[in-house]
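Engineer: Quick one: structure below, then a few questions.
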There are 2 protein chains.
Amino acid sequence: MKRSLPVLVLLISLGTVLCLAQTDQPAIKDDFKPSALNQPGQEYPQVNSQGYARFRINAPQAQSVSVSLGLGGRGGTQLKKGDDGAWVGTTAGPLDEGFHYYHLSIDEGTFNDPGTLNFYGSVRWESGIEIPAHDREFYALKDVPHGRVQQILFPSKSTSTSRRAFVYTPPEYDKNPAKKYPVLYLQHGWGEDETAWSTQGHANLIMDNLIAAGKTKPFLIVITYGMTNDVKIGGMGSFNLQPFETVLVNELIPYVDANFRTLSDQPHRAMAGLSMGGMETKSITLKHLDVFSHICLLSGGTISADDVKNTPDFAKKVKLVFVSYGSRELGGGPGGPGGGRGGFGGDPKANAEALKQAGINSVFYVSPDTAHEFLSWRRSLHELAPLLFKD
Amino acid sequence: MKRSLPVLVLLISLGTVLCLAQTDQPAIKDDFKPSALNQPGQEYPQVNSQGYARFRINAPQAQSVSVSLGLGGRGGTQLKKGDDGAWVGTTAGPLDEGFHYYHLSIDEGTFNDPGTLNFYGSVRWESGIEIPAHDREFYALKDVPHGRVQQILFPSKSTSTSRRAFVYTPPEYDKNPAKKYPVLYLQHGWGEDETAWSTQGHANLIMDNLIAAGKTKPFLIVITYGMTNDVKIGGMGSFNLQPFETVLVNELIPYVDANFRTLSDQPHRAMAGLSMGGMETKSITLKHLDVFSHICLLSGGTISADDVKNTPDFAKKVKLVFVSYGSRELGGGPGGPGGGRGGFGGDPKANAEALKQAGINSVFYVSPDTAHEFLSWRRSLHELAPLLFKD
């Protein structure tokens, strides 16, 4: 596990590079509107219908202001000071649809854009911007019954504290006091935390909309922090999975089963994770096939025929292997043909095929025109949910 | 109502002025530690055992960096650039115990401190710092059973959207599927939102600890956004209470009663609010004494004998009037003797006494050595909770 982690960090960096759609640059349309993630009343940053982003930062005495988002990633977008003392600039090209983290560089210091809400990524609270996706309806806030996102504080002896998790309960949960539900344990990526999936991930809205449309069974989603031992890290070289595995398997799962109405057997328990969370998912599920029956890796590795071979009773115990990537992670982006670069040890599509040939319920999904970013993972959850807990 | 609102905005400003304890300035002890509200792994800002705060901001090419917190409020603390390019400075005096919002001024622009978590106040996400209070145990995260903070999205026809609220349910709530609970509706102040009470307010931990100690009845707390029509405001002159009153009374309360196990009659429903939320509480409860039986104003007005006289059946319907202030709001601070300045139309202590004389259950609480800030309100909730819903 340890050896492959630096590759992942590299890929996270590449995500930034790859977040620009490759198009001949058209004239920039003058239909900019405030990003949906702006703080109340804030006019900037703005996004136009082509996906260009425009920033405006007030700092009259600054020497230089730039934004980490932009063509090529490195250096991002340099802003220029206008007559009114505000620094303004537009990305050199359209950004990919969906959610992007970013930050400002002001006089060589790193700060957030005071115009936007903040989202935890890169081991810090970052600015966020949303380029409206053509398929955004599936995670939109709609007039349908809404489930709840419940913050729980569960006791953790192994870390000598109460730890936070969020539990999504479907809209019907409190209406059916006798019914029990399957559970998906869902992990964030490197540098993110347990807030990611229900804020930038919209996991709750994705589920509300799927359930309202009758497209998925209702189930619980449990989200907690997966970098248990390692909040100060600058990289992943020193990352140790064991503390998180203990918290998840020995502490959180028993707590959830004791405090929510769950179907607490292996067939009704799934684990999924994005990026580093996918690696955690693979490592933990393969060690605990008595606990989990569904293995779901979102931009975070694959399950190979060798993995199956090396894991006793894999075919008997595993009900689903789901692997997904953003298309730009797989070699279609400006980084050149990736040849399975996103696969962390193998071509994910070929691996998924091999599992299918071996009679395993294996699903491979590619999110169109997205990179190592949250629109890939929102779409992946949307594809994944209807496949879970089929009897 | 409208006429008294500018007074409140003034008082919020004075809160900043008053947040420095008045002491002969002792030597500054060199025992600075990272603030409890820093982002993971961040060393600055730091706080020492006397309550001084020290800031460190990396911005090598900046012309000037200051912090809004500090002696006198105006201008705050000017930082000085060190040889390593980082700007460093310490407040000129100790800050009051508890939570303080602040922000940076960098080259005449307003930004957050990248070292800290952010908290919604002043109609924006601000930096926050915590000066450990001598009585902080009552809101500490302890090894006791924890309730949940449940995010709900409730339908609001009057505002044509689903609106967010947080519902605190006590630890026993899911263990007693037949039991019903009273409800406290709890409002934030001007420029804050529905996140305030369960983050900087620690309302859930205050309740968990009180319940574990057997000091309060378990009840639900419902927290939603109270500036319904007015997210862009710079002041409160244009504030209109009616949209929020409609959301709360006609939409949120029926939703909560339909979706949680509540005691849904007037004797088991309380309303409390801080600052502007106190004014909302007063205005809404006096109009709806068929809905609420407990009126609780935290640094947000008083109930006078005239209010009682002008409200039909007040004495018969109201089970508790609770009014509280921070001591520095009442004239004990550097602003000089206030003569009931915090009272918004009367000396709050005298008003509370007059109500008691009239046979009304009236409680007046003063938080020692705090101003118009969250430690006053944490303490007020801690005093208030045991007084609610006594049969």
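Lettering and numbering for the structure tokens are positional, with chains as A, B, ... in the shown order, residues counted from 1 in each chain, and ligands counted from 1 in the shown order.
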Run DSSP on the backbone and tell me which residues of stretch 247-358 of chain A come out as strand (DSSP E or B); list them as a list in words.

Structural biologist: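 Those residues are Thr262, Arg269, Ala270, Met271, Ala272, Gly273, Leu274, His294, Ile295, Cys296, Leu297, Leu298, Leu320, Val321, Phe322, Val323, Ser324, Tyr325 and Gly326 of chain A.
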
Engineer: Looking only at alpha helix (DSSP H) from DSSP on the backbone, list the matching residues of stretch 214-305 of chain A as a list in words.

Structural biologist: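 Residues of stretch 214-305 of chain A classed as alpha helix (DSSP H): Gln242, Pro243, Phe244, Glu245, Thr246, Ile253, Pro254, Tyr255, Val256, Asp257, Ala258, Asn259, Met276, Gly277, Gly278, Met279, Glu280, Thr281, Lys282, Ser283, Ile284, Thr285, Leu286, Lys287 and Ala305 of chain A.
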
Engineer: With only C-alpha atoms as the atoms that count, which of B:Leu241, B:Ala258, B:Leu252, B:Val363 lies nearest to chain A?

Structural biologist: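 Of B:Leu241, B:Ala258, B:Leu252, B:Val363, the one nearest chain A, counting only C-alpha atoms, is B:Ala258.
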
Engineer: Identify every residue of chain B that has at least one atom within 8 Å of any atom of chain A, counting only C-alpha atoms, and report the result as a VMD selection string.

Structural biologist: chain B and resid 39 to 41 57 to 63 106 to 114 117 123 to 125 141 to 143 146 to 155 161 to 162 174 to 175 177 231 to 232 259 to 260

Engineer: Taking 2 positions as the minimum chain separation for residues in the same chain, which residues sit within 7 Å of B:Ile206 when counting only C-alpha atoms? Answer as an MDAnalysis selection string.

Structural biologist: chainID B and resid 138:139 202:204 208:210 382

Engineer: Given the selection you just returned, output its residues as a file containing N, CA and C atoms, formatted as a compact mmCIF listing (two decimals), in the first residue's frame.

Structural biologist:
```
# COMPACT_ATOMS: atom_id res chain seq x y z
N PHE B 138 -17.98 23.10 30.96
CA PHE B 138 -19.41 22.87 30.72
C PHE B 138 -19.74 22.72 29.23
N TYR B 139 -18.84 23.18 28.36
CA TYR B 139 -19.07 22.97 26.92
C TYR B 139 -17.97 22.13 26.28
N HIS B 202 -21.55 25.55 20.67
CA HIS B 202 -21.44 24.27 21.38
C HIS B 202 -22.75 23.86 22.07
N ALA B 203 -23.89 24.24 21.49
CA ALA B 203 -25.17 23.95 22.14
C ALA B 203 -25.34 22.45 22.39
N ASN B 204 -24.88 21.62 21.44
CA ASN B 204 -25.04 20.17 21.62
C ASN B 204 -24.20 19.66 22.77
N ASP B 208 -25.42 17.83 26.10
CA ASP B 208 -24.91 16.50 26.45
C ASP B 208 -24.39 16.47 27.89
N ASN B 209 -23.61 17.50 28.24
CA ASN B 209 -23.01 17.53 29.58
C ASN B 209 -24.06 17.75 30.67
N LEU B 210 -25.01 18.65 30.43
CA LEU B 210 -26.07 18.88 31.41
C LEU B 210 -26.92 17.62 31.61
N HIS B 382 -26.47 27.44 29.12
CA HIS B 382 -26.18 26.53 30.23
C HIS B 382 -27.04 26.86 31.46
```

Engineer: Please provide the set of residues having any atom within 10 Å of A:Leu79, restricted to only C-alpha atoms, with same-chain residues fewer than 3 positions apart removed, written as a ChimeraX atom specification.

Structural biologist: /A:54-57,64-67,76,82,86-91

Engineer: Tell me, as a list in words, which residues lie within 9 Å of A:Thr370, counting only C-alpha atoms; anything in the same chain fewer than 4 positions away does not count.

Structural biologist: Leu18, Cys19, Ala21, Asp96, Glu97, Gly98, Tyr325, Gly326, Ser327, Arg328, Glu329, Val366, Phe374, Leu375 and Ser376 of chain A

Engineer: Please produce a file of the residues just selected, as a compact mmCIF listing (two decimals), in the first residue's frame, where the atoms kept are N, CA and C atoms.

Structural biologist:
```txt
# COMPACT_ATOMS: atom_id res chain seq x y z
N LEU A 18 -5.42 18.84 -15.25
CA LEU A 18 -6.33 18.28 -16.23
C LEU A 18 -7.71 18.92 -16.22
N CYS A 19 -7.91 19.93 -15.35
CA CYS A 19 -9.27 20.39 -15.17
C CYS A 19 -9.73 21.38 -16.24
N ALA A 21 -10.99 21.94 -19.97
CA ALA A 21 -11.45 21.26 -21.16
C ALA A 21 -10.59 21.70 -22.34
N ASP A 96 -13.42 22.57 -16.50
CA ASP A 96 -14.33 21.43 -16.53
C ASP A 96 -15.59 21.72 -15.73
N GLU A 97 -16.68 21.13 -16.10
CA GLU A 97 -17.91 21.21 -15.31
C GLU A 97 -17.67 20.64 -13.91
N GLY A 98 -18.40 21.18 -12.95
CA GLY A 98 -18.36 20.64 -11.61
C GLY A 98 -17.61 21.51 -10.62
N TYR A 325 -13.73 6.06 -12.72
CA TYR A 325 -12.73 7.13 -12.94
C TYR A 325 -13.37 8.25 -13.74
N GLY A 326 -12.77 9.44 -13.62
CA GLY A 326 -13.08 10.49 -14.57
C GLY A 326 -12.34 10.20 -15.87
N SER A 327 -12.96 10.51 -16.99
CA SER A 327 -12.35 10.15 -18.28
C SER A 327 -10.96 10.76 -18.42
N ARG A 328 -10.77 11.96 -17.86
CA ARG A 328 -9.46 12.62 -18.03
C ARG A 328 -8.36 11.96 -17.20
N GLU A 329 -8.76 11.12 -16.27
CA GLU A 329 -7.75 10.39 -15.49
C GLU A 329 -7.19 9.22 -16.27
N VAL A 366 -17.06 5.26 -16.26
CA VAL A 366 -16.20 6.40 -16.57
C VAL A 366 -17.06 7.66 -16.66
N PHE A 374 -14.63 16.39 -7.96
CA PHE A 374 -15.86 15.89 -7.34
C PHE A 374 -16.99 15.58 -8.30
N LEU A 375 -17.02 16.19 -9.49
CA LEU A 375 -18.11 15.79 -10.40
C LEU A 375 -17.96 14.32 -10.79
N SER A 376 -16.73 13.84 -10.92
CA SER A 376 -16.52 12.41 -11.19
C SER A 376 -17.14 11.56 -10.07
```

Engineer: Using only C-alpha atoms, which residue out of B:Lys80, B:Lys287, B:Arg164, B:Lys29 lies closest to B:Gln242?

Structural biologist: B:Lys287

Engineer: Need to verify the contact set: stretch 215-219 of chain A, 8 Å, only C-alpha atoms, exclusion of same-chain residues closer than 4 positions in sequence. Can you return it as a count of residues only?

Structural biologist: 14

Engineer: So the first atom is atom CA of A:Tyr365 and the second is atom CA of A:Ser324; what is the distance between them in Å, to one decimal place?

Structural biologist: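 Interatomic distance, atom CA of A:Tyr365 to atom CA of A:Ser324: 4.6 Å.
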
Engineer: Can you tell me how far atom CA of B:Ser275 sits from atom CA of B:Glu373, in Å to one decimal?

Structural biologist: 9.5 Å

Engineer: Name all residues at most 12 Å from A:Asp307 (count only C-alpha atoms; drop same-chain ones fewer than 4 positions away) and give them as an mmCIF file with N, CA and C atoms, in the first residue's frame.

Structural biologist:
```
data_model
loop_
_atom_site.group_PDB
_atom_site.id
_atom_site.type_symbol
_atom_site.label_atom_id
_atom_site.label_comp_id
_atom_site.auth_asym_id
_atom_site.auth_seq_id
_atom_site.Cartn_x
_atom_site.Cartn_y
_atom_site.Cartn_z
ATOM 1 N N LYS A 282 -10.202 -0.570 -0.580
ATOM 2 C CA LYS A 282 -9.647 -1.837 -1.079
ATOM 3 C C LYS A 282 -8.920 -2.593 0.024
ATOM 4 N N SER A 283 -8.055 -1.885 0.716
ATOM 5 C CA SER A 283 -7.234 -2.535 1.732
ATOM 6 C C SER A 283 -8.088 -3.107 2.862
ATOM 7 N N THR A 285 -11.512 -3.682 2.935
ATOM 8 C CA THR A 285 -12.510 -4.700 2.574
ATOM 9 C C THR A 285 -11.842 -6.044 2.304
ATOM 10 N N LEU A 286 -10.686 -6.032 1.631
ATOM 11 C CA LEU A 286 -10.041 -7.323 1.318
ATOM 12 C C LEU A 286 -9.593 -8.050 2.593
ATOM 13 N N LYS A 287 -9.285 -7.263 3.625
ATOM 14 C CA LYS A 287 -8.935 -7.880 4.915
ATOM 15 C C LYS A 287 -10.165 -8.298 5.707
ATOM 16 N N GLY A 301 -7.992 3.225 -7.479
ATOM 17 C CA GLY A 301 -7.470 1.872 -7.586
ATOM 18 C C GLY A 301 -8.426 0.931 -8.291
ATOM 19 N N THR A 302 -7.995 -0.297 -8.407
ATOM 20 C CA THR A 302 -8.817 -1.315 -9.046
ATOM 21 C C THR A 302 -8.666 -2.621 -8.277
ATOM 22 N N ILE A 303 -9.530 -3.542 -8.604
ATOM 23 C CA ILE A 303 -9.394 -4.911 -8.095
ATOM 24 C C ILE A 303 -8.979 -5.766 -9.296
ATOM 25 N N THR A 311 -7.215 -13.464 -2.265
ATOM 26 C CA THR A 311 -8.151 -13.207 -1.160
ATOM 27 C C THR A 311 -9.103 -14.389 -1.019
ATOM 28 N N PRO A 312 -8.964 -15.158 0.035
ATOM 29 C CA PRO A 312 -9.787 -16.362 0.189
ATOM 30 C C PRO A 312 -11.289 -16.051 0.111
ATOM 31 N N ASP A 313 -12.013 -16.883 -0.613
ATOM 32 C CA ASP A 313 -13.475 -16.789 -0.713
ATOM 33 C C ASP A 313 -13.972 -15.490 -1.351
ATOM 34 N N PHE A 314 -13.120 -14.802 -2.112
ATOM 35 C CA PHE A 314 -13.531 -13.525 -2.710
ATOM 36 C C PHE A 314 -14.840 -13.678 -3.489
ATOM 37 N N ALA A 315 -14.840 -14.604 -4.425
ATOM 38 C CA ALA A 315 -16.003 -14.739 -5.320
ATOM 39 C C ALA A 315 -17.266 -15.090 -4.550
ATOM 40 N N VAL A 321 -18.177 -5.453 -7.195
ATOM 41 C CA VAL A 321 -16.963 -4.627 -7.299
ATOM 42 C C VAL A 321 -17.288 -3.488 -8.270
ATOM 43 N N GLY A 345 -1.680 0.350 -10.654
ATOM 44 C CA GLY A 345 -1.284 -1.052 -10.707
ATOM 45 C C GLY A 345 -2.072 -1.868 -11.699
ATOM 46 N N GLY A 346 -2.547 -1.227 -12.740
ATOM 47 C CA GLY A 346 -3.233 -2.014 -13.749
ATOM 48 C C GLY A 346 -4.286 -1.202 -14.458
ATOM 49 N N ASN A 351 -9.039 -4.786 -15.849
ATOM 50 C CA ASN A 351 -9.249 -5.512 -14.592
ATOM 51 C C ASN A 351 -10.725 -5.797 -14.356
ATOM 52 N N ALA A 352 -11.558 -4.794 -14.617
ATOM 53 C CA ALA A 352 -12.999 -4.987 -14.412
ATOM 54 C C ALA A 352 -13.535 -6.077 -15.335
ATOM 55 N N ALA A 354 -11.806 -8.570 -16.557
ATOM 56 C CA ALA A 354 -11.285 -9.869 -16.102
ATOM 57 C C ALA A 354 -12.130 -10.421 -14.960
ATOM 58 N N LEU A 355 -12.551 -9.538 -14.071
ATOM 59 C CA LEU A 355 -13.389 -9.989 -12.954
ATOM 60 C C LEU A 355 -14.736 -10.486 -13.469
#
```

Engineer: Quote the spacing between atom CA of A:Val308 and atom CA of A:Met227 in Å to one decimal place.

Structural biologist: 26.5 Å
